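So the structure is just underneath, and the comments pick up after that.
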Amino acid sequence: MLGTIKSNTEISYIFSHGNRYNESVITLIVLRTDEQHGRNGRVAFIAGKKNGNAVWRNSAKRRMRAIFHELQGPWSGFDIIFLANKKTTRVPYSTVLSACKKVIDSLPRESENA
């Protein structure tokens with residue numbers, strides 16, 4: 001089941017405490033979570049108004065959700081915000097996918113803990 005980050009407080013916390021991975025076509029903000037509560041990773045998709053109109057924002061969010069599912073999220077132990085920029089919808093899908101895959105593959109896995 002997909003856990004989403006909905007509250008502004010939680011999003012603000014992740015923005016201020018998470019690690020930013022800036023790619024040219026998208027930014028991922030990643031926060032390692034406490035796995036003691038048995039919670040799967042959560043996700044949020046953000047496309048800001050300053051980057052485009054409602055059509056652009058909806059398109060960017062659809063693209064980010066498709067990438068999330070293709071990369072088999074959610075990732076246990078991480079809360080991740082996908083943050084679109086103007087290039088997110090202007091470049092080929094494969095470019096955005098490979099940028100996200102690069103970041104996700106660099107995240108430490110559970111076997112690397114301790």
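As shown in the structure tokens, the chain order sets the letters A, B, ...; within each chain, residues go from 1, and ligands are also counted from 1 in the order they appear.
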DSSP strand (DSSP E) residues within chain A, as a list in words: Gly3, Thr4, Asn19, Arg20, Tyr21, Asn22, Ile26, Thr27, Leu28, Ile29, Val30, Leu31, Arg32, Arg42, Val43, Ala44, Phe45, Ile46, Phe78, Asp79, Ile80, Ile81, Phe82, Leu83 and Ala84 of chain A
For N, CA and C atoms, I'd like the residues from the last selection saved as a PDB file, in the first residue's frame.
```pdb
ATOM      1  N   GLY A   3       1.958   4.703   1.073  1.00  0.00           N
ATOM      2  CA  GLY A   3       1.817   5.663   2.154  1.00  0.00           C
ATOM      3  C   GLY A   3       2.214   7.032   1.643  1.00  0.00           C
ATOM      4  N   THR A   4       1.316   7.990   1.768  1.00  0.00           N
ATOM      5  CA  THR A   4       1.633   9.333   1.286  1.00  0.00           C
ATOM      6  C   THR A   4       1.862  10.282   2.451  1.00  0.00           C
ATOM      7  N   ASN A  19      17.924  14.828   3.073  1.00  0.00           N
ATOM      8  CA  ASN A  19      19.044  15.025   2.150  1.00  0.00           C
ATOM      9  C   ASN A  19      18.484  15.323   0.763  1.00  0.00           C
ATOM     10  N   ARG A  20      19.005  16.380   0.142  1.00  0.00           N
ATOM     11  CA  ARG A  20      18.568  16.761  -1.203  1.00  0.00           C
ATOM     12  C   ARG A  20      19.470  16.138  -2.237  1.00  0.00           C
ATOM     13  N   TYR A  21      18.837  15.540  -3.222  1.00  0.00           N
ATOM     14  CA  TYR A  21      19.556  14.998  -4.370  1.00  0.00           C
ATOM     15  C   TYR A  21      19.053  15.772  -5.584  1.00  0.00           C
ATOM     16  N   ASN A  22      19.823  16.784  -5.978  1.00  0.00           N
ATOM     17  CA  ASN A  22      19.437  17.637  -7.098  1.00  0.00           C
ATOM     18  C   ASN A  22      19.962  17.058  -8.396  1.00  0.00           C
ATOM     19  N   ILE A  26      14.977  16.789 -11.935  1.00  0.00           N
ATOM     20  CA  ILE A  26      14.115  16.532 -10.781  1.00  0.00           C
ATOM     21  C   ILE A  26      14.959  16.595  -9.514  1.00  0.00           C
ATOM     22  N   THR A  27      14.305  16.860  -8.386  1.00  0.00           N
ATOM     23  CA  THR A  27      14.979  16.830  -7.090  1.00  0.00           C
ATOM     24  C   THR A  27      14.264  15.816  -6.207  1.00  0.00           C
ATOM     25  N   LEU A  28      15.032  14.982  -5.530  1.00  0.00           N
ATOM     26  CA  LEU A  28      14.479  14.062  -4.549  1.00  0.00           C
ATOM     27  C   LEU A  28      14.995  14.475  -3.183  1.00  0.00           C
ATOM     28  N   ILE A  29      14.090  14.571  -2.220  1.00  0.00           N
ATOM     29  CA  ILE A  29      14.460  14.890  -0.847  1.00  0.00           C
ATOM     30  C   ILE A  29      14.167  13.638  -0.031  1.00  0.00           C
ATOM     31  N   VAL A  30      15.210  13.104   0.585  1.00  0.00           N
ATOM     32  CA  VAL A  30      15.127  11.802   1.236  1.00  0.00           C
ATOM     33  C   VAL A  30      15.419  11.947   2.726  1.00  0.00           C
ATOM     34  N   LEU A  31      14.560  11.352   3.539  1.00  0.00           N
ATOM     35  CA  LEU A  31      14.753  11.334   4.982  1.00  0.00           C
ATOM     36  C   LEU A  31      14.669   9.899   5.463  1.00  0.00           C
ATOM     37  N   ARG A  32      15.727   9.450   6.119  1.00  0.00           N
ATOM     38  CA  ARG A  32      15.700   8.100   6.702  1.00  0.00           C
ATOM     39  C   ARG A  32      14.712   8.116   7.865  1.00  0.00           C
ATOM     40  N   ARG A  42       7.279   6.294   2.905  1.00  0.00           N
ATOM     41  CA  ARG A  42       6.189   7.124   2.392  1.00  0.00           C
ATOM     42  C   ARG A  42       6.720   8.040   1.311  1.00  0.00           C
ATOM     43  N   VAL A  43       5.797   8.659   0.588  1.00  0.00           N
ATOM     44  CA  VAL A  43       6.195   9.467  -0.553  1.00  0.00           C
ATOM     45  C   VAL A  43       5.256  10.663  -0.714  1.00  0.00           C
ATOM     46  N   ALA A  44       5.790  11.720  -1.320  1.00  0.00           N
ATOM     47  CA  ALA A  44       4.981  12.884  -1.708  1.00  0.00           C
ATOM     48  C   ALA A  44       5.470  13.337  -3.080  1.00  0.00           C
ATOM     49  N   PHE A  45       4.545  13.853  -3.879  1.00  0.00           N
ATOM     50  CA  PHE A  45       4.858  14.361  -5.211  1.00  0.00           C
ATOM     51  C   PHE A  45       4.492  15.829  -5.248  1.00  0.00           C
ATOM     52  N   ILE A  46       5.469  16.696  -5.497  1.00  0.00           N
ATOM     53  CA  ILE A  46       5.221  18.134  -5.458  1.00  0.00           C
ATOM     54  C   ILE A  46       5.634  18.770  -6.782  1.00  0.00           C
ATOM     55  N   PHE A  78      12.574   4.920   4.337  1.00  0.00           N
ATOM     56  CA  PHE A  78      12.795   6.246   3.759  1.00  0.00           C
ATOM     57  C   PHE A  78      11.475   6.949   3.459  1.00  0.00           C
ATOM     58  N   ASP A  79      11.417   8.226   3.798  1.00  0.00           N
ATOM     59  CA  ASP A  79      10.361   9.109   3.314  1.00  0.00           C
ATOM     60  C   ASP A  79      10.990   9.917   2.190  1.00  0.00           C
ATOM     61  N   ILE A  80      10.333   9.960   1.038  1.00  0.00           N
ATOM     62  CA  ILE A  80      10.909  10.616  -0.134  1.00  0.00           C
ATOM     63  C   ILE A  80       9.919  11.602  -0.726  1.00  0.00           C
ATOM     64  N   ILE A  81      10.409  12.795  -1.027  1.00  0.00           N
ATOM     65  CA  ILE A  81       9.625  13.797  -1.747  1.00  0.00           C
ATOM     66  C   ILE A  81      10.204  13.912  -3.147  1.00  0.00           C
ATOM     67  N   PHE A  82       9.350  13.714  -4.139  1.00  0.00           N
ATOM     68  CA  PHE A  82       9.707  13.956  -5.534  1.00  0.00           C
ATOM     69  C   PHE A  82       9.309  15.393  -5.837  1.00  0.00           C
ATOM     70  N   LEU A  83      10.271  16.234  -6.180  1.00  0.00           N
ATOM     71  CA  LEU A  83      10.037  17.650  -6.419  1.00  0.00           C
ATOM     72  C   LEU A  83      10.336  17.975  -7.877  1.00  0.00           C
ATOM     73  N   ALA A  84       9.287  18.305  -8.621  1.00  0.00           N
ATOM     74  CA  ALA A  84       9.432  18.576 -10.050  1.00  0.00           C
ATOM     75  C   ALA A  84      10.030  19.957 -10.284  1.00  0.00           C
TER      76      ALA A  84
END
```
- prompt: Per DSSP on the backbone, what are the alpha helix (DSSP H) residues of chain A, as a ChimeraX atom specification?
  reply: /A:8-17,54-70,93-106
Using N, CA and C atoms, can you export the residues from the last selection as a short mmCIF file (atom, residue, chain, number, x, y, z; two decimals), in the first residue's frame?
```cif
data_model
loop_
_atom_site.label_atom_id
_atom_site.label_comp_id
_atom_site.auth_asym_id
_atom_site.auth_seq_id
_atom_site.Cartn_x
_atom_site.Cartn_y
_atom_site.Cartn_z
N ASN A 8 1.39 19.41 5.93
CA ASN A 8 2.40 20.43 5.66
C ASN A 8 3.53 20.37 6.68
N THR A 9 3.21 20.01 7.91
CA THR A 9 4.22 19.91 8.96
C THR A 9 5.25 18.84 8.63
N GLU A 10 4.77 17.67 8.20
CA GLU A 10 5.69 16.59 7.85
C GLU A 10 6.52 16.94 6.62
N ILE A 11 5.90 17.55 5.63
CA ILE A 11 6.62 17.95 4.43
C ILE A 11 7.69 18.98 4.77
N SER A 12 7.35 19.96 5.60
CA SER A 12 8.33 20.96 6.03
C SER A 12 9.49 20.32 6.78
N TYR A 13 9.18 19.35 7.63
CA TYR A 13 10.22 18.66 8.39
C TYR A 13 11.18 17.94 7.44
N ILE A 14 10.64 17.25 6.44
CA ILE A 14 11.48 16.54 5.49
C ILE A 14 12.31 17.52 4.67
N PHE A 15 11.71 18.66 4.28
CA PHE A 15 12.45 19.67 3.53
C PHE A 15 13.64 20.17 4.35
N SER A 16 13.46 20.36 5.66
CA SER A 16 14.54 20.93 6.46
C SER A 16 15.54 19.90 6.97
N HIS A 17 15.13 18.63 7.14
CA HIS A 17 16.03 17.63 7.71
C HIS A 17 16.48 16.56 6.72
N ALA A 54 -1.89 24.46 -14.13
CA ALA A 54 -2.45 23.22 -13.60
C ALA A 54 -2.20 22.04 -14.53
N VAL A 55 -2.25 22.26 -15.82
CA VAL A 55 -2.00 21.18 -16.78
C VAL A 55 -0.57 20.67 -16.60
N TRP A 56 0.39 21.57 -16.50
CA TRP A 56 1.79 21.18 -16.31
C TRP A 56 1.97 20.44 -14.99
N ARG A 57 1.38 20.97 -13.91
CA ARG A 57 1.52 20.35 -12.58
C ARG A 57 0.95 18.93 -12.57
N ASN A 58 -0.21 18.75 -13.18
CA ASN A 58 -0.82 17.42 -13.23
C ASN A 58 0.04 16.45 -14.05
N SER A 59 0.58 16.94 -15.15
CA SER A 59 1.44 16.11 -15.99
C SER A 59 2.71 15.72 -15.24
N ALA A 60 3.30 16.67 -14.53
CA ALA A 60 4.51 16.39 -13.75
C ALA A 60 4.24 15.36 -12.66
N LYS A 61 3.12 15.50 -11.97
CA LYS A 61 2.79 14.54 -10.90
C LYS A 61 2.51 13.15 -11.47
N ARG A 62 1.82 13.09 -12.61
CA ARG A 62 1.58 11.79 -13.25
C ARG A 62 2.90 11.11 -13.61
N ARG A 63 3.82 11.88 -14.15
CA ARG A 63 5.12 11.35 -14.54
C ARG A 63 5.88 10.86 -13.31
N MET A 64 5.88 11.63 -12.23
CA MET A 64 6.60 11.23 -11.02
C MET A 64 5.99 9.97 -10.40
N ARG A 65 4.65 9.87 -10.40
CA ARG A 65 3.99 8.67 -9.88
C ARG A 65 4.34 7.44 -10.71
N ALA A 66 4.39 7.61 -12.03
CA ALA A 66 4.75 6.48 -12.91
C ALA A 66 6.17 6.02 -12.63
N ILE A 67 7.07 6.96 -12.43
CA ILE A 67 8.47 6.62 -12.12
C ILE A 67 8.54 5.90 -10.78
N PHE A 68 7.82 6.40 -9.80
CA PHE A 68 7.76 5.78 -8.48
C PHE A 68 7.35 4.31 -8.60
N HIS A 69 6.30 4.04 -9.37
CA HIS A 69 5.82 2.66 -9.52
C HIS A 69 6.80 1.82 -10.33
N GLU A 70 7.42 2.39 -11.35
CA GLU A 70 8.38 1.65 -12.16
C GLU A 70 9.62 1.27 -11.36
N TYR A 93 10.85 10.89 -20.89
CA TYR A 93 10.54 10.14 -19.67
C TYR A 93 11.77 9.36 -19.19
N SER A 94 12.48 8.74 -20.12
CA SER A 94 13.63 7.91 -19.76
C SER A 94 14.72 8.71 -19.05
N THR A 95 14.85 9.99 -19.38
CA THR A 95 15.85 10.84 -18.73
C THR A 95 15.50 11.05 -17.26
N VAL A 96 14.23 11.33 -16.99
CA VAL A 96 13.78 11.53 -15.62
C VAL A 96 13.88 10.22 -14.85
N LEU A 97 13.50 9.12 -15.49
CA LEU A 97 13.56 7.81 -14.86
C LEU A 97 15.00 7.47 -14.46
N SER A 98 15.95 7.69 -15.35
CA SER A 98 17.34 7.34 -15.03
C SER A 98 17.90 8.24 -13.92
N ALA A 99 17.49 9.50 -13.88
CA ALA A 99 17.94 10.40 -12.80
C ALA A 99 17.41 9.90 -11.45
N CYS A 100 16.14 9.51 -11.41
CA CYS A 100 15.56 9.01 -10.16
C CYS A 100 16.18 7.67 -9.77
N LYS A 101 16.39 6.81 -10.75
CA LYS A 101 16.99 5.50 -10.47
C LYS A 101 18.38 5.65 -9.88
N LYS A 102 19.15 6.61 -10.38
CA LYS A 102 20.49 6.86 -9.87
C LYS A 102 20.45 7.21 -8.38
N VAL A 103 19.50 8.06 -8.00
CA VAL A 103 19.37 8.46 -6.59
C VAL A 103 18.90 7.29 -5.74
N ILE A 104 17.86 6.59 -6.18
CA ILE A 104 17.30 5.47 -5.41
C ILE A 104 18.36 4.38 -5.22
N ASP A 105 19.12 4.09 -6.26
CA ASP A 105 20.16 3.06 -6.16
C ASP A 105 21.28 3.45 -5.19
N SER A 106 21.46 4.75 -4.97
CA SER A 106 22.52 5.20 -4.06
C SER A 106 22.10 5.18 -2.59
#
```
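Remark: for A:Asn53, the closest of the candidate residues A:Leu71, A:Lys86, A:Arg109, A:Gly77 is A:Lys86 (distances computed over only C-alpha atoms).
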task: Would you work out the distance separating atom CA of A:Pro108 from atom CA of A:Val25, expressed in Å to one decimal?
output: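 Here the two named atoms are 22.6 Å from each other.
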